[in-house]
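entry-v8.csv, holding CSV, C-alpha atoms:
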chain,number,residue,atom,x,y,z
R,1,MET,CA,-14.1,-22.7,-6.5
R,2,GLN,CA,-10.4,-21.8,-6.7
R,3,ASP,CA,-8.5,-20.0,-4.0
R,4,PRO,CA,-8.8,-16.2,-4.4
R,5,LEU,CA,-5.1,-15.9,-3.7
R,6,GLU,CA,-4.2,-18.3,-6.5
R,7,LEU,CA,-6.6,-16.6,-9.0
R,8,ILE,CA,-5.1,-13.2,-8.3
R,9,GLY,CA,-1.6,-14.7,-8.5
R,10,LEU,CA,-2.4,-15.9,-12.0
R,11,PHE,CA,-3.8,-12.5,-12.9
R,12,CYS,CA,-0.9,-10.5,-11.7
R,13,ARG,CA,1.8,-12.9,-12.8
R,14,ASP,CA,0.5,-14.1,-16.1
R,15,GLY,CA,-2.1,-11.5,-16.9
R,16,ASP,CA,-4.7,-14.2,-16.9
R,17,ALA,CA,-8.0,-12.3,-17.5
R,18,ALA,CA,-10.0,-15.5,-17.0
R,19,ALA,CA,-8.6,-15.9,-13.5
R,20,PHE,CA,-9.7,-12.3,-12.6
R,21,ARG,CA,-13.2,-13.0,-14.0
R,22,ALA,CA,-13.4,-16.1,-11.8
R,23,PHE,CA,-12.4,-14.0,-8.8
R,24,TYR,CA,-14.9,-11.3,-9.7
R,25,ARG,CA,-17.8,-13.9,-10.0
R,26,ALA,CA,-16.9,-15.4,-6.7
R,27,GLN,CA,-16.6,-12.2,-4.8
R,28,ALA,CA,-19.0,-9.7,-6.4
R,29,PRO,CA,-22.4,-11.1,-5.2
R,30,ARG,CA,-21.2,-11.3,-1.6
R,31,LEU,CA,-19.6,-7.9,-1.7
R,32,TRP,CA,-22.8,-6.4,-3.0
R,33,LYS,CA,-24.7,-8.0,-0.1
R,34,PHE,CA,-22.1,-6.7,2.3
R,35,LEU,CA,-22.6,-3.2,1.1
R,36,VAL,CA,-26.4,-3.5,1.3
R,37,ALA,CA,-26.0,-4.9,4.8
R,38,ARG,CA,-23.8,-2.0,5.7
R,39,GLY,CA,-26.7,0.4,4.8
R,40,ALA,CA,-26.0,1.2,1.1
R,41,ALA,CA,-29.1,1.5,-1.1
R,42,PRO,CA,-29.1,-1.3,-3.7
R,43,GLU,CA,-28.4,1.1,-6.6
R,44,ASP,CA,-25.6,2.7,-4.7
R,45,ALA,CA,-24.2,-0.7,-3.8
R,46,TYR,CA,-23.8,-1.5,-7.5
R,47,ASP,CA,-21.9,1.8,-8.0
R,48,LEU,CA,-19.7,1.1,-4.9
R,49,LEU,CA,-19.0,-2.4,-6.1
R,50,SER,CA,-18.0,-1.2,-9.5
R,51,GLU,CA,-15.7,1.4,-8.1
R,52,SER,CA,-14.2,-1.1,-5.6
R,53,PHE,CA,-13.3,-3.5,-8.3
R,54,LEU,CA,-11.9,-0.7,-10.5
R,55,ARG,CA,-9.6,0.4,-7.7
R,56,PHE,CA,-8.8,-3.3,-6.9
R,57,VAL,CA,-7.6,-4.0,-10.4
R,58,GLY,CA,-5.5,-0.9,-10.4
R,59,HIS,CA,-3.6,-1.7,-7.1
R,60,ILE,CA,-3.8,-5.4,-6.2
R,61,CYS,CA,-0.7,-6.5,-8.1
R,62,ARG,CA,1.5,-4.3,-6.0
R,63,ASP,CA,0.9,-6.6,-3.1
R,64,PRO,CA,-1.4,-9.5,-3.9
R,65,ARG,CA,-1.0,-11.4,-0.7
R,66,ALA,CA,-4.5,-10.9,0.7
R,67,PRO,CA,-6.8,-10.0,-2.2
R,68,VAL,CA,-10.2,-10.5,-0.4
R,69,ALA,CA,-9.1,-8.3,2.6
R,70,PHE,CA,-7.9,-5.7,0.2
R,71,LEU,CA,-11.1,-5.7,-1.8
R,72,TYR,CA,-13.2,-5.3,1.4
R,73,ARG,CA,-10.9,-2.6,2.6
R,74,ILE,CA,-11.5,-0.6,-0.6
R,75,ALA,CA,-15.3,-1.2,-0.3
R,76,VAL,CA,-15.4,-0.2,3.4
R,77,ASN,CA,-13.5,3.0,2.7
R,78,LEU,CA,-15.7,3.9,-0.3
R,79,ARG,CA,-18.8,3.3,1.8
R,80,ILE,CA,-17.4,5.6,4.5
R,81,ASP,CA,-16.7,8.3,1.9
R,82,ALA,CA,-20.2,7.9,0.4
R,83,LEU,CA,-21.7,8.3,3.9
R,84,ARG,CA,-19.6,11.4,4.6
R,85,ARG,CA,-20.7,12.9,1.3
R,86,ALA,CA,-24.4,12.1,1.8
R,87,ARG,CA,-24.3,12.9,5.5
R,88,VAL,CA,-26.5,9.9,6.3
R,89,ARG,CA,-26.4,8.0,9.5
R,90,PRO,CA,-24.3,4.8,9.1
R,91,THR,CA,-26.9,2.6,10.8
R,92,ASP,CA,-29.8,3.2,8.4
R,93,PRO,CA,-32.2,0.2,8.4
R,94,LEU,CA,-32.3,-2.0,5.4
R,95,PRO,CA,-34.7,-0.8,2.7
R,96,GLU,CA,-38.0,-2.5,2.5
R,97,GLU,CA,-37.6,-3.8,-1.0
R,98,ILE,CA,-34.4,-5.6,-0.1
R,99,ALA,CA,-35.6,-7.1,3.1
R,100,ASP,CA,-35.5,-10.8,3.7
R,101,ASP,CA,-37.6,-12.8,1.3
R,102,THR,CA,-38.0,-16.0,3.4
R,103,ASP,CA,-40.8,-16.8,5.8
R,104,GLY,CA,-41.2,-18.2,9.3
R,105,PRO,CA,-39.4,-17.9,12.6
R,106,ALA,CA,-36.0,-18.2,11.0
R,107,ARG,CA,-36.8,-15.0,9.1
R,108,GLU,CA,-37.8,-13.2,12.2
R,109,ALA,CA,-34.7,-14.3,14.1
R,110,ALA,CA,-32.5,-13.3,11.2
R,111,ALA,CA,-34.2,-9.9,10.9
R,112,TYR,CA,-33.8,-9.4,14.6
R,113,LEU,CA,-30.1,-10.3,14.5
R,114,ARG,CA,-29.6,-7.9,11.5
R,115,GLU,CA,-31.4,-5.2,13.5
R,116,LEU,CA,-29.1,-5.8,16.5
R,117,VAL,CA,-26.1,-5.6,14.3
R,118,GLY,CA,-27.4,-2.5,12.8
R,119,ARG,CA,-27.5,-0.8,16.2
R,120,LEU,CA,-23.8,-1.3,16.7
R,121,PRO,CA,-21.3,1.4,15.8
R,122,GLU,CA,-20.1,1.3,12.2
R,123,CYS,CA,-16.6,0.0,13.0
R,124,GLU,CA,-18.1,-2.8,15.1
R,125,GLN,CA,-20.5,-3.7,12.3
R,126,ASN,CA,-17.5,-4.0,9.9
R,127,LEU,CA,-15.6,-6.2,12.4
R,128,LEU,CA,-18.6,-8.5,12.9
R,129,LEU,CA,-19.6,-8.9,9.3
R,130,LEU,CA,-16.0,-9.3,8.0
R,131,ARG,CA,-15.2,-11.9,10.6
R,132,TYR,CA,-18.3,-14.0,10.9
R,133,TRP,CA,-20.0,-13.5,7.6
R,134,ILE,CA,-17.3,-12.8,5.0
R,135,GLY,CA,-15.0,-15.2,6.9
R,136,LEU,CA,-11.8,-13.2,7.0
R,137,ASN,CA,-9.2,-14.2,9.6
R,138,HIS,CA,-7.8,-11.8,12.1
R,139,ARG,CA,-4.8,-11.0,10.1
R,140,GLU,CA,-6.8,-10.3,7.0
R,141,MET,CA,-9.2,-8.2,9.0
R,142,ALA,CA,-6.3,-6.2,10.4
R,143,GLN,CA,-5.3,-5.5,6.9
R,144,ALA,CA,-8.8,-4.7,5.7
R,145,LEU,CA,-9.6,-2.3,8.6
R,146,ASP,CA,-6.0,-0.9,9.0
R,147,LEU,CA,-5.8,-1.9,12.6
R,148,PRO,CA,-3.3,-3.9,14.6
R,149,GLU,CA,-4.1,-7.7,14.7
R,150,GLY,CA,-4.2,-7.7,18.5
R,151,THR,CA,-6.7,-4.9,18.5
R,152,VAL,CA,-8.9,-6.8,16.0
R,153,ARG,CA,-8.9,-9.9,18.2
R,154,ARG,CA,-9.8,-7.9,21.3
R,155,GLN,CA,-12.5,-5.9,19.5
R,156,CYS,CA,-14.1,-9.0,18.0
R,157,ALA,CA,-14.4,-10.6,21.4
R,158,GLU,CA,-15.9,-7.4,22.8
R,159,VAL,CA,-18.4,-7.0,20.0
R,160,ILE,CA,-19.6,-10.6,20.3
R,161,ALA,CA,-20.0,-10.1,24.1
R,162,LYS,CA,-21.9,-7.0,23.4
R,163,LEU,CA,-24.2,-8.7,20.9
R,164,ARG,CA,-24.8,-11.6,23.3
R,165,ALA,CA,-25.7,-9.1,26.0
R,166,HIS,CA,-28.1,-7.3,23.7
R,167,TRP,CA,-29.6,-10.5,22.5
R,168,GLY,CA,-30.2,-11.7,26.1
R,169,VAL,CA,-31.7,-8.5,27.3
R,170,ASP,CA,-34.0,-8.0,24.4
R,171,GLU,CA,-35.2,-11.7,24.5
R,172,THR,CA,-36.1,-11.4,28.2
R,173,ARG,CA,-37.9,-8.1,27.5
R,174,ALA,CA,-39.8,-9.7,24.6
R,175,THR,CA,-40.7,-12.8,26.6
R,176,GLY,CA,-41.2,-11.0,29.9
K,1,MET,CA,-25.8,-17.5,13.2
K,2,ILE,CA,-24.6,-14.1,11.8
K,3,ALA,CA,-23.7,-15.6,8.4
K,4,PRO,CA,-27.1,-17.2,7.8
K,5,ALA,CA,-28.9,-14.1,8.9
K,6,PHE,CA,-27.1,-12.0,6.3
K,7,ASP,CA,-27.0,-14.7,3.6
K,8,ARG,CA,-30.8,-14.5,3.6
K,9,LEU,CA,-30.6,-11.1,2.0
K,10,PRO,CA,-31.8,-11.2,-1.6
K,11,ALA,CA,-29.0,-11.7,-4.2
K,12,ALA,CA,-27.7,-9.0,-6.5
K,13,ASP,CA,-29.0,-8.8,-10.0
K,14,SER,CA,-26.8,-11.0,-12.1
K,15,GLN,CA,-27.2,-8.9,-15.2
K,16,ARG,CA,-26.1,-5.8,-13.3
K,17,LEU,CA,-23.0,-7.7,-12.0
K,18,ALA,CA,-22.3,-9.0,-15.5
K,19,ALA,CA,-22.5,-5.5,-16.9
K,20,ILE,CA,-20.0,-4.3,-14.3
K,21,GLU,CA,-17.8,-7.2,-15.1
K,22,GLN,CA,-17.7,-6.1,-18.8
K,23,ARG,CA,-16.6,-2.6,-17.8
K,24,LEU,CA,-13.6,-3.8,-15.8
K,25,PRO,CA,-10.2,-3.7,-17.4
K,26,ALA,CA,-9.0,-7.1,-18.6
K,27,ARG,CA,-5.3,-6.4,-17.7
K,28,ALA,CA,-3.6,-5.5,-14.5
K,29,ARG,CA,-1.2,-2.6,-14.2
K,30,PRO,CA,2.4,-3.8,-14.1
K,31,ARG,CA,3.8,-4.3,-10.7
K,32,ARG,CA,5.7,-1.3,-9.5
K,33,ARG,CA,8.3,-3.6,-7.9
K,34,ALA,CA,9.0,-5.1,-11.3
K,35,ILE,CA,9.4,-1.7,-12.9
K,36,VAL,CA,11.9,-0.7,-10.2
K,37,TRP,CA,13.9,-3.8,-10.9
K,38,TRP,CA,13.9,-3.0,-14.6
K,39,TRP,CA,15.1,0.5,-13.9
K,40,LEU,CA,17.9,-0.9,-11.7
K,41,ALA,CA,19.0,-3.3,-14.4
K,42,ALA,CA,19.0,-0.6,-17.0
K,43,VAL,CA,21.1,1.7,-14.8
K,44,LEU,CA,23.6,-1.1,-14.0
K,45,ALA,CA,23.9,-2.0,-17.7
K,46,ALA,CA,24.5,1.6,-18.7
K,47,GLY,CA,27.1,2.0,-16.0
K,48,ALA,CA,28.9,-1.2,-17.1
K,49,ALA,CA,28.9,-0.1,-20.7
K,50,SER,CA,30.2,3.3,-19.8
K,51,ALA,CA,33.0,1.7,-17.7
K,52,LEU,CA,33.9,-0.7,-20.5
K,53,TRP,CA,34.1,2.1,-23.0
K,54,TRP,CA,36.4,4.2,-20.8
K,55,ALA,CA,38.6,1.1,-20.2
K,56,VAL,CA,39.0,0.3,-23.9
K,57,ASP,CA,39.7,3.9,-24.7
K,58,TYR,CA,42.4,4.2,-22.0
K,59,ASP,CA,44.2,1.0,-23.1
K,60,SER,CA,44.2,2.0,-26.8
K,61,GLY,CA,45.7,5.4,-26.1
K,62,LYS,CA,48.4,4.1,-23.7
K,63,GLY,CA,51.1,3.2,-26.3
K,64,GLN,CA,50.8,6.4,-28.4
K,65,GLU,CA,52.1,8.8,-25.8
K,66,ALA,CA,55.2,10.9,-26.7
K,67,PRO,CA,58.4,9.5,-25.1
K,68,VAL,CA,59.8,11.5,-22.2
K,69,PRO,CA,63.4,12.6,-22.7
K,70,ALA,CA,65.8,10.7,-20.5
K,71,VAL,CA,68.2,13.5,-19.7
K,72,MET,CA,67.3,17.1,-19.2
K,73,PRO,CA,69.7,19.6,-21.0
K,74,LEU,CA,71.9,21.5,-18.6
K,75,SER,CA,72.0,25.0,-20.0
K,76,VAL,CA,72.4,26.9,-16.8
K,77,ALA,CA,75.5,27.4,-14.6
K,78,PRO,CA,76.1,24.8,-12.0
K,79,SER,CA,76.2,27.5,-9.3
K,80,VAL,CA,72.7,28.6,-10.3
K,81,ALA,CA,71.4,25.1,-11.0
K,82,ASN,CA,72.6,23.8,-7.6
K,83,PRO,CA,72.6,26.7,-5.2
K,84,PRO,CA,74.2,26.1,-1.8
K,85,ALA,CA,71.8,24.9,0.8
K,86,ARG,CA,70.7,27.7,3.1
K,87,PRO,CA,69.8,27.0,6.6
K,88,ARG,CA,66.1,27.2,7.1
K,89,GLN,CA,65.0,30.2,9.2
K,90,SER,CA,63.0,28.0,11.5
K,91,GLU,CA,66.0,25.7,12.1
K,92,GLY,CA,67.1,25.7,15.7
K,93,LYS,CA,64.2,27.8,16.8
K,94,GLU,CA,61.2,26.7,18.7
K,95,SER,CA,58.0,26.7,16.8
K,96,LYS,CA,55.7,29.4,17.8
K,97,PRO,CA,52.1,28.8,18.6
K,98,ALA,CA,49.7,29.3,15.7
K,99,GLY,CA,47.9,32.1,17.3
K,100,ALA,CA,51.0,34.2,18.0
K,101,PRO,CA,51.4,37.3,15.8
K,102,ALA,CA,54.3,37.4,13.3
K,103,PRO,CA,57.2,39.8,14.2
K,104,LYS,CA,57.2,43.0,12.3
K,105,GLN,CA,59.9,43.6,9.7
K,106,GLY,CA,60.8,47.2,9.5
K,107,PRO,CA,62.2,49.0,6.4
K,108,VAL,CA,65.8,49.0,7.9
K,109,ILE,CA,66.3,45.3,7.2
K,110,TYR,CA,65.1,45.7,3.7
K,111,GLN,CA,67.6,48.5,3.1
K,112,GLN,CA,70.5,46.5,4.4
K,113,GLU,CA,69.9,43.6,2.1
K,114,ARG,CA,69.8,45.9,-0.9
Now, as a test, write the supplied structure out as structure tokens.
Amino acid sequence: MQDPLELIGLFCRDGDAAAFRAFYRAQAPRLWKFLVARGAAPEDAYDLLSESFLRFVGHICRDPRAPVAFLYRIAVNLRIDALRRARVRPTDPLPEEIADDTDGPAREAAAYLRELVGRLPECEQNLLLLRYWIGLNHREMAQALDLPEGTVRRQCAEVIAKLRAHWGVDETRATG
Amino acid sequence: MIAPAFDRLPAADSQRLAAIEQRLPARARPRRRAIVWWWLAAVLAAGAASALWWAVDYDSGKGQEAPVPAVMPLSVAPSVANPPARPRQSEGKESKPAGAPAPKQGPVIYQQER
């Protein structure tokens, strides 16, 4: 898989449509999962993904230095707008039909972790998922979330500590 | 541990994603920065062309001016043409401050001169 920065560079510099298609195919499935994980209904996630890429195409060439962060910034903002319009709580549980399709203890642990993440405030969920799932670095996250880089570093550490504390407390409750 | 937990979520429908891909525009909008540079270049080119046009016009019209006469005709009397120098009224006097009011000249002085 090619570097997203390189693909978008080709797209903006040379108008290479194939490079943009490659970028889309690399990013779209994960962005859809991210939107679902953030509480969007599957159908709504397709709409949000489509709108995100439309806006992305319209604006990325003005400053194509961090395309993935920019894409997720658009998606996060659109998700927030959709939540405000629908007046739905941001921490809705995952819908039943989209729940994990694997079996065994790994499934339970994963579901438990997703539930813990779902209990966090919306901004902390964004931090956690963008950093440890999508794999953005601190600078890209700062750009995606419109926060100072130092704030992102501090909040990431705090969220991980909070998650560990919840994990420990809930495990002792479950075993005790 | 977070990434595997969320990667376990079922994948998106590839047909839906392909349909979205077909609707996306194939070309990017031109970069605004590039447009700004093009505008700047156009303004500079227009300015240079204008300056060149004025310069050429100035040079071409320089040799066609009417010659200035070397000597002015003296048709007036020398006494009128070169009146004797009169001493300035302010000569030998101290300059007054700017805010001081000017002295009034009454009608008597005007009658004497006539």
Near-R:Ala66 list (12 Å; all atoms listed in the file; drop same-chain fewer than 5 positions) as a PDB file with C-alpha atoms, keeping the file's coordinate frame:
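The result, stored in result.pdb:
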ATOM      1  CA  ASP R   3      -8.500 -20.000  -4.000  1.00  0.00           C
ATOM      2  CA  PRO R   4      -8.800 -16.200  -4.400  1.00  0.00           C
ATOM      3  CA  LEU R   5      -5.100 -15.900  -3.700  1.00  0.00           C
ATOM      4  CA  GLU R   6      -4.200 -18.300  -6.500  1.00  0.00           C
ATOM      5  CA  LEU R   7      -6.600 -16.600  -9.000  1.00  0.00           C
ATOM      6  CA  ILE R   8      -5.100 -13.200  -8.300  1.00  0.00           C
ATOM      7  CA  GLY R   9      -1.600 -14.700  -8.500  1.00  0.00           C
ATOM      8  CA  PHE R  56      -8.800  -3.300  -6.900  1.00  0.00           C
ATOM      9  CA  ILE R  60      -3.800  -5.400  -6.200  1.00  0.00           C
ATOM     10  CA  CYS R  61      -0.700  -6.500  -8.100  1.00  0.00           C
ATOM     11  CA  LEU R  71     -11.100  -5.700  -1.800  1.00  0.00           C
ATOM     12  CA  TYR R  72     -13.200  -5.300   1.400  1.00  0.00           C
ATOM     13  CA  ARG R  73     -10.900  -2.600   2.600  1.00  0.00           C
ATOM     14  CA  LEU R 136     -11.800 -13.200   7.000  1.00  0.00           C
ATOM     15  CA  ASN R 137      -9.200 -14.200   9.600  1.00  0.00           C
ATOM     16  CA  HIS R 138      -7.800 -11.800  12.100  1.00  0.00           C
ATOM     17  CA  ARG R 139      -4.800 -11.000  10.100  1.00  0.00           C
ATOM     18  CA  GLU R 140      -6.800 -10.300   7.000  1.00  0.00           C
ATOM     19  CA  MET R 141      -9.200  -8.200   9.000  1.00  0.00           C
ATOM     20  CA  ALA R 142      -6.300  -6.200  10.400  1.00  0.00           C
ATOM     21  CA  GLN R 143      -5.300  -5.500   6.900  1.00  0.00           C
ATOM     22  CA  ALA R 144      -8.800  -4.700   5.700  1.00  0.00           C
TER      23      ALA R 144
END
Can you check which residues of chain R have any atom within 8 Å of chain K? Use all atoms listed in the file and format it as a ChimeraX atom specification.
/R:11-12,15-17,20-21,24,28-29,32-33,37,46,50,53-54,57-59,61-62,98-102,107,109-111,113-114,129,132-134
Grab the atom CA of R:Phe70 to atom CA of K:Leu40 distance for me, in Å with one decimal place.
28.8 Å
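Here atom CA of R:Leu31 is placed at a distance of 7.1 Å from atom CA of R:Leu49.
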Could you tell me how far atom CA of R:Asn126 sits from atom CA of R:Ser52, in Å to one decimal place?
16.1 Å
